[in-house]
Amino acid sequence: MRLTHKTVLNFVSESEAVAASEILGELPAFEETPVVALESEDGKRWSVEIYDDGALGDAATAALAEAGIEPPAASVEAIPDADWVSETQRALPPVHAGRFIVHGSHDRARIASQWAIEIDAGRAFGTAHHGTTKGCLLALERLSPIGVHRVLDLGTGSGVLAIGAAKALAHGPHVVAVDVDPIAVEVARENVRINGAGADIALFTGDGYEPRDAYALAPFDVVVANILAKPLLNLAPRIRELTRIGGAVILSGLLSGQAREIVARYRATGFVLVRRRDLEGWATLTLRRVG
């Protein structure tokens, strides 16, 4: 598709703009379309910019309305020919999450750290510009690596959290990363290769139950699930099965207002809440299995 137009959706808050960009980026219609959330120069508003052939504005507003985000009217303007994928990636600065630094390939030459993770914005969720991914990285950093040998990243997306787990949790824990989307697994596999973590991470296409090979190492010492509130509720018994007694679980992908229901569900399933962190209207929960 030739990129000839820029569609702009204006938002008041950063959380709305980032959530809108992530929702659109997950849709098949936007698979090959650069979508980026940007702050205005005066810092008073945020916008989502979509670079396409001018045909996706109505689809964007309809998709956001269905997701519960009331979209503003879209403005469309013609743009000159350019490599807009590269342009939108350069608009994303490195993200610091504790010791982690998540950056795109455009910043590779100027970032040197054992905690650096290179992830380009693309077809799979997870660049740490979203509060859920950042919250999970901060939660991983706070875990003690002592006794951690097996980690599960359920819903891996771009693979950023699997890579973060391999870096944070001592010297080479075995990390299993699973996603239902085969495209996400393909993207994650490339990101794992770029970050030199291939020896530590095994990738699978599947859900919380299949393929069985993905769960051969269960129970896991740490389980990370950055998905959505409804599947987190449904998967609570399964996540208990996959977590050893005393093991840690990091949950995100839920709005702050949904955290209480998630905590209640997991307490009833045999977990206690260790820590909660709220970023940009999203909650990240760290729990420990006690029964």
# chains A, B, ... in the order shown; residues from 1 in each chain; ligands from 1
>>> select_by_dssp(residues="segment 128-216 of chain A", states="strand (DSSP E or B)", output="list in words")
Arg150, Val151, Leu152, Asp153, Leu154, His174, Val175, Val176, Ala177, Val178, Asp179, Ile201, Ala202, Leu203, Phe204 and Thr205 of chain A
>>> write_last_selection(atoms="C-alpha atoms", output="mmCIF file, in the first residue's frame")
data_model
loop_
_atom_site.group_PDB
_atom_site.id
_atom_site.type_symbol
_atom_site.label_atom_id
_atom_site.label_comp_id
_atom_site.auth_asym_id
_atom_site.auth_seq_id
_atom_site.Cartn_x
_atom_site.Cartn_y
_atom_site.Cartn_z
ATOM 1 C CA ARG A 150 11.703 -21.697 34.665
ATOM 2 C CA VAL A 151 9.676 -18.693 33.412
ATOM 3 C CA LEU A 152 6.487 -18.600 31.330
ATOM 4 C CA ASP A 153 5.514 -15.541 29.265
ATOM 5 C CA LEU A 154 1.863 -16.137 28.348
ATOM 6 C CA HIS A 174 14.722 -21.218 30.708
ATOM 7 C CA VAL A 175 11.951 -18.954 29.382
ATOM 8 C CA VAL A 176 8.920 -20.321 27.526
ATOM 9 C CA ALA A 177 6.988 -17.748 25.476
ATOM 10 C CA VAL A 178 3.529 -18.493 24.048
ATOM 11 C CA ASP A 179 1.097 -16.483 21.908
ATOM 12 C CA ILE A 201 13.841 -18.639 25.133
ATOM 13 C CA ALA A 202 11.596 -21.244 23.508
ATOM 14 C CA LEU A 203 8.659 -19.880 21.472
ATOM 15 C CA PHE A 204 5.328 -21.591 20.761
ATOM 16 C CA THR A 205 2.088 -20.731 18.996
#
>>> residues_around(residues="segment 248-256 of chain A", least_positions_apart="2", cutoff="8 Å", atoms="only C-alpha atoms", output="ChimeraX atom specification")
/A:132-133,135-136,139-140,221-229,232,243,246,258-259,278,281-289
>>> write_last_selection(atoms="N, CA and C atoms", output="JSON list (two decimals), in the first residue's frame")
[["chain", "number", "residue", "atom", "x", "y", "z"],
["A", 132, "THR", "N", 1.22, -1.06, 30.37],
["A", 132, "THR", "CA", 1.19, -2.46, 30.80],
["A", 132, "THR", "C", 2.55, -3.13, 30.61],
["A", 133, "THR", "N", 3.17, -2.91, 29.45],
["A", 133, "THR", "CA", 4.48, -3.52, 29.20],
["A", 133, "THR", "C", 5.52, -2.95, 30.15],
["A", 135, "GLY", "N", 4.99, -1.63, 33.06],
["A", 135, "GLY", "CA", 4.71, -2.12, 34.41],
["A", 135, "GLY", "C", 5.23, -3.53, 34.63],
["A", 136, "CYS", "N", 5.09, -4.39, 33.61],
["A", 136, "CYS", "CA", 5.59, -5.76, 33.73],
["A", 136, "CYS", "C", 7.12, -5.81, 33.82],
["A", 139, "ALA", "N", 8.06, -4.85, 37.25],
["A", 139, "ALA", "CA", 7.77, -5.95, 38.18],
["A", 139, "ALA", "C", 8.80, -7.06, 38.05],
["A", 140, "LEU", "N", 9.22, -7.38, 36.82],
["A", 140, "LEU", "CA", 10.26, -8.39, 36.62],
["A", 140, "LEU", "C", 11.56, -7.98, 37.30],
["A", 221, "ASP", "N", 8.47, -21.15, 37.90],
["A", 221, "ASP", "CA", 8.82, -20.31, 39.05],
["A", 221, "ASP", "C", 8.22, -18.92, 38.92],
["A", 222, "VAL", "N", 8.10, -18.45, 37.69],
["A", 222, "VAL", "CA", 7.52, -17.13, 37.40],
["A", 222, "VAL", "C", 6.63, -17.27, 36.18],
["A", 223, "VAL", "N", 5.42, -16.71, 36.26],
["A", 223, "VAL", "CA", 4.51, -16.63, 35.11],
["A", 223, "VAL", "C", 4.16, -15.17, 34.89],
["A", 224, "VAL", "N", 4.32, -14.71, 33.65],
["A", 224, "VAL", "CA", 3.95, -13.36, 33.26],
["A", 224, "VAL", "C", 2.82, -13.46, 32.24],
["A", 225, "ALA", "N", 1.72, -12.74, 32.47],
["A", 225, "ALA", "CA", 0.60, -12.74, 31.53],
["A", 225, "ALA", "C", 0.13, -11.31, 31.34],
["A", 226, "ASN", "N", 0.56, -10.69, 30.25],
["A", 226, "ASN", "CA", 0.15, -9.33, 29.90],
["A", 226, "ASN", "C", -0.87, -9.45, 28.78],
["A", 227, "ILE", "N", -2.11, -9.73, 29.15],
["A", 227, "ILE", "CA", -3.15, -9.95, 28.13],
["A", 227, "ILE", "C", -4.31, -8.98, 28.40],
["A", 228, "LEU", "N", -5.50, -9.46, 28.71],
["A", 228, "LEU", "CA", -6.64, -8.61, 29.00],
["A", 228, "LEU", "C", -7.37, -9.16, 30.22],
["A", 229, "ALA", "N", -8.24, -8.31, 30.82],
["A", 229, "ALA", "CA", -8.88, -8.69, 32.07],
["A", 229, "ALA", "C", -9.73, -9.96, 31.94],
["A", 232, "LEU", "N", -7.68, -13.11, 31.71],
["A", 232, "LEU", "CA", -7.00, -13.31, 32.99],
["A", 232, "LEU", "C", -7.94, -13.93, 34.01],
["A", 243, "THR", "N", 1.90, -22.57, 37.97],
["A", 243, "THR", "CA", 2.81, -21.88, 38.88],
["A", 243, "THR", "C", 3.11, -22.76, 40.09],
["A", 246, "GLY", "N", 4.70, -20.94, 45.96],
["A", 246, "GLY", "CA", 5.76, -19.98, 46.26],
["A", 246, "GLY", "C", 6.20, -19.20, 45.04],
["A", 258, "GLN", "N", -10.21, -2.38, 36.88],
["A", 258, "GLN", "CA", -10.46, -3.82, 36.81],
["A", 258, "GLN", "C", -9.60, -4.62, 37.78],
["A", 259, "ALA", "N", -8.66, -3.96, 38.44],
["A", 259, "ALA", "CA", -7.69, -4.68, 39.27],
["A", 259, "ALA", "C", -8.33, -5.38, 40.45],
["A", 278, "ASP", "N", 0.31, 1.16, 39.26],
["A", 278, "ASP", "CA", -0.58, 1.76, 38.26],
["A", 278, "ASP", "C", 0.20, 2.77, 37.42],
["A", 281, "GLY", "N", -3.20, 4.74, 33.85],
["A", 281, "GLY", "CA", -4.53, 4.17, 33.90],
["A", 281, "GLY", "C", -4.58, 2.66, 33.81],
["A", 282, "TRP", "N", -3.40, 2.01, 33.75],
["A", 282, "TRP", "CA", -3.33, 0.55, 33.66],
["A", 282, "TRP", "C", -2.66, 0.01, 34.92],
["A", 283, "ALA", "N", -3.08, -1.18, 35.34],
["A", 283, "ALA", "CA", -2.54, -1.80, 36.56],
["A", 283, "ALA", "C", -1.67, -3.01, 36.22],
["A", 284, "THR", "N", -0.61, -3.18, 37.00],
["A", 284, "THR", "CA", 0.22, -4.38, 36.94],
["A", 284, "THR", "C", 0.24, -4.98, 38.33],
["A", 285, "LEU", "N", -0.07, -6.26, 38.43],
["A", 285, "LEU", "CA", -0.18, -6.95, 39.72],
["A", 285, "LEU", "C", 0.91, -8.01, 39.84],
["A", 286, "THR", "N", 1.58, -8.04, 40.97],
["A", 286, "THR", "CA", 2.51, -9.13, 41.28],
["A", 286, "THR", "C", 1.88, -9.94, 42.41],
["A", 287, "LEU", "N", 1.70, -11.23, 42.18],
["A", 287, "LEU", "CA", 1.10, -12.11, 43.17],
["A", 287, "LEU", "C", 2.01, -13.30, 43.43],
["A", 288, "ARG", "N", 1.75, -14.00, 44.53],
["A", 288, "ARG", "CA", 2.52, -15.20, 44.83],
["A", 288, "ARG", "C", 1.56, -16.33, 45.17],
["A", 289, "ARG", "N", 1.85, -17.51, 44.62],
["A", 289, "ARG", "CA", 0.96, -18.66, 44.89],
["A", 289, "ARG", "C", 1.29, -19.21, 46.27]]
>>> atom_distance(atom1="atom CA of Leu56 of chain A", atom2="atom CA of Pro28 of chain A")
11.8 Å
>>> closest_residue(among="A:Arg212, A:Asp42, A:His96, A:Ile194", to="Leu137 of chain A", atoms="only C-alpha atoms")
A:His96
>>> closest_residue(among="A:Gly208, A:Gly159, A:Arg99, A:Asp200", to="Val187 of chain A", atoms="only C-alpha atoms")
A:Gly159
>>> atom_distance(atom1="atom CA of Ala19 of chain A", atom2="atom CA of Val48 of chain A")
9.8 Å
>>> atom_distance(atom1="atom CA of Arg265 of chain A", atom2="atom CA of Ile146 of chain A")
27.8 Å
>>> residues_around(residues="Ile50 of chain A", least_positions_apart="4", cutoff="9 Å", atoms="only C-alpha atoms", output="list in words")
His5, Lys6, Thr7, Val8, Leu9, Ser21, Phe30, Thr33, Pro34, Val35, Val36, Leu56, Gly57 and Ala60 of chain A
>>> write_last_selection(atoms="N, CA and C atoms", output="short mmCIF file (atom, residue, chain, number, x, y, z; two decimals), in the first residue's frame")
data_model
loop_
_atom_site.label_atom_id
_atom_site.label_comp_id
_atom_site.auth_asym_id
_atom_site.auth_seq_id
_atom_site.Cartn_x
_atom_site.Cartn_y
_atom_site.Cartn_z
N HIS A 5 -1.37 9.62 2.69
CA HIS A 5 -2.14 10.49 3.56
C HIS A 5 -1.79 10.24 5.03
N LYS A 6 -2.02 11.25 5.84
CA LYS A 6 -1.87 11.12 7.30
C LYS A 6 -3.22 11.44 7.93
N THR A 7 -3.76 10.48 8.67
CA THR A 7 -5.01 10.68 9.42
C THR A 7 -4.65 10.96 10.87
N VAL A 8 -5.21 12.02 11.43
CA VAL A 8 -4.87 12.44 12.79
C VAL A 8 -6.11 12.39 13.67
N LEU A 9 -5.98 11.70 14.81
CA LEU A 9 -7.03 11.66 15.84
C LEU A 9 -6.47 12.35 17.08
N SER A 21 -3.70 3.76 19.98
CA SER A 21 -2.68 3.31 19.02
C SER A 21 -2.44 1.81 19.15
N PHE A 30 -4.88 -2.79 9.93
CA PHE A 30 -3.78 -1.85 10.15
C PHE A 30 -2.43 -2.56 10.21
N THR A 33 0.20 -0.78 8.35
CA THR A 33 0.00 0.67 8.43
C THR A 33 0.70 1.24 9.65
N PRO A 34 1.62 2.20 9.49
CA PRO A 34 2.23 2.83 10.65
C PRO A 34 1.20 3.60 11.48
N VAL A 35 1.12 3.29 12.77
CA VAL A 35 0.22 3.97 13.71
C VAL A 35 1.06 4.38 14.92
N VAL A 36 1.03 5.65 15.29
CA VAL A 36 1.90 6.10 16.38
C VAL A 36 1.19 7.15 17.21
N LEU A 56 -8.49 4.67 5.76
CA LEU A 56 -8.69 3.98 7.02
C LEU A 56 -9.23 4.85 8.15
N GLY A 57 -9.50 6.12 7.90
CA GLY A 57 -9.98 7.00 8.96
C GLY A 57 -11.28 6.53 9.59
N ALA A 60 -10.82 3.40 11.61
CA ALA A 60 -10.17 3.67 12.89
C ALA A 60 -11.17 4.14 13.94
#
>>> closest_residue(among="A:Ala63, A:Ser15, A:Asn10, A:Ala216", to="Glu49 of chain A", atoms="only C-alpha atoms")
A:Asn10
>>> residues_around(residues="Trp46 of chain A", least_positions_apart="2", cutoff="7 Å", atoms="only C-alpha atoms", output="NGL selection string")
:A and (10-14 or 17 or 37-40)
>>> write_last_selection(atoms="N, CA, C and O atoms", output="compact mmCIF listing (two decimals), in the first residue's frame")
# COMPACT_ATOMS: atom_id res chain seq x y z
N ASN A 10 -7.13 13.40 17.56
CA ASN A 10 -6.63 14.16 18.70
C ASN A 10 -7.28 13.69 20.00
O ASN A 10 -8.50 13.46 20.06
N PHE A 11 -6.45 13.56 21.04
CA PHE A 11 -6.92 13.12 22.35
C PHE A 11 -6.44 14.10 23.42
O PHE A 11 -5.44 14.81 23.22
N VAL A 12 -7.11 14.07 24.56
CA VAL A 12 -6.71 14.95 25.66
C VAL A 12 -5.57 14.33 26.46
O VAL A 12 -4.62 15.00 26.85
N SER A 13 -5.65 13.03 26.69
CA SER A 13 -4.69 12.39 27.60
C SER A 13 -3.76 11.43 26.87
O SER A 13 -4.10 10.88 25.82
N GLU A 14 -2.59 11.22 27.45
CA GLU A 14 -1.63 10.26 26.93
C GLU A 14 -2.18 8.85 26.96
O GLU A 14 -2.02 8.08 26.01
N ALA A 17 -4.55 8.16 24.07
CA ALA A 17 -3.85 8.10 22.78
C ALA A 17 -3.05 6.81 22.65
O ALA A 17 -3.08 6.15 21.60
N ALA A 37 1.38 7.09 18.54
CA ALA A 37 0.85 8.11 19.46
C ALA A 37 1.95 9.14 19.71
O ALA A 37 3.09 8.78 20.01
N LEU A 38 1.60 10.42 19.59
CA LEU A 38 2.58 11.50 19.72
C LEU A 38 2.06 12.60 20.64
O LEU A 38 0.87 12.92 20.63
N GLU A 39 2.97 13.18 21.41
CA GLU A 39 2.65 14.34 22.24
C GLU A 39 2.84 15.61 21.44
O GLU A 39 3.80 15.74 20.66
N SER A 40 1.96 16.59 21.63
CA SER A 40 2.11 17.85 20.93
C SER A 40 3.31 18.63 21.46
O SER A 40 3.78 18.38 22.58
>>> closest_residue(among="A:Glu41, A:Glu16, A:Asp53, A:Glu261", to="Pro72 of chain A", atoms="only C-alpha atoms")
A:Glu16
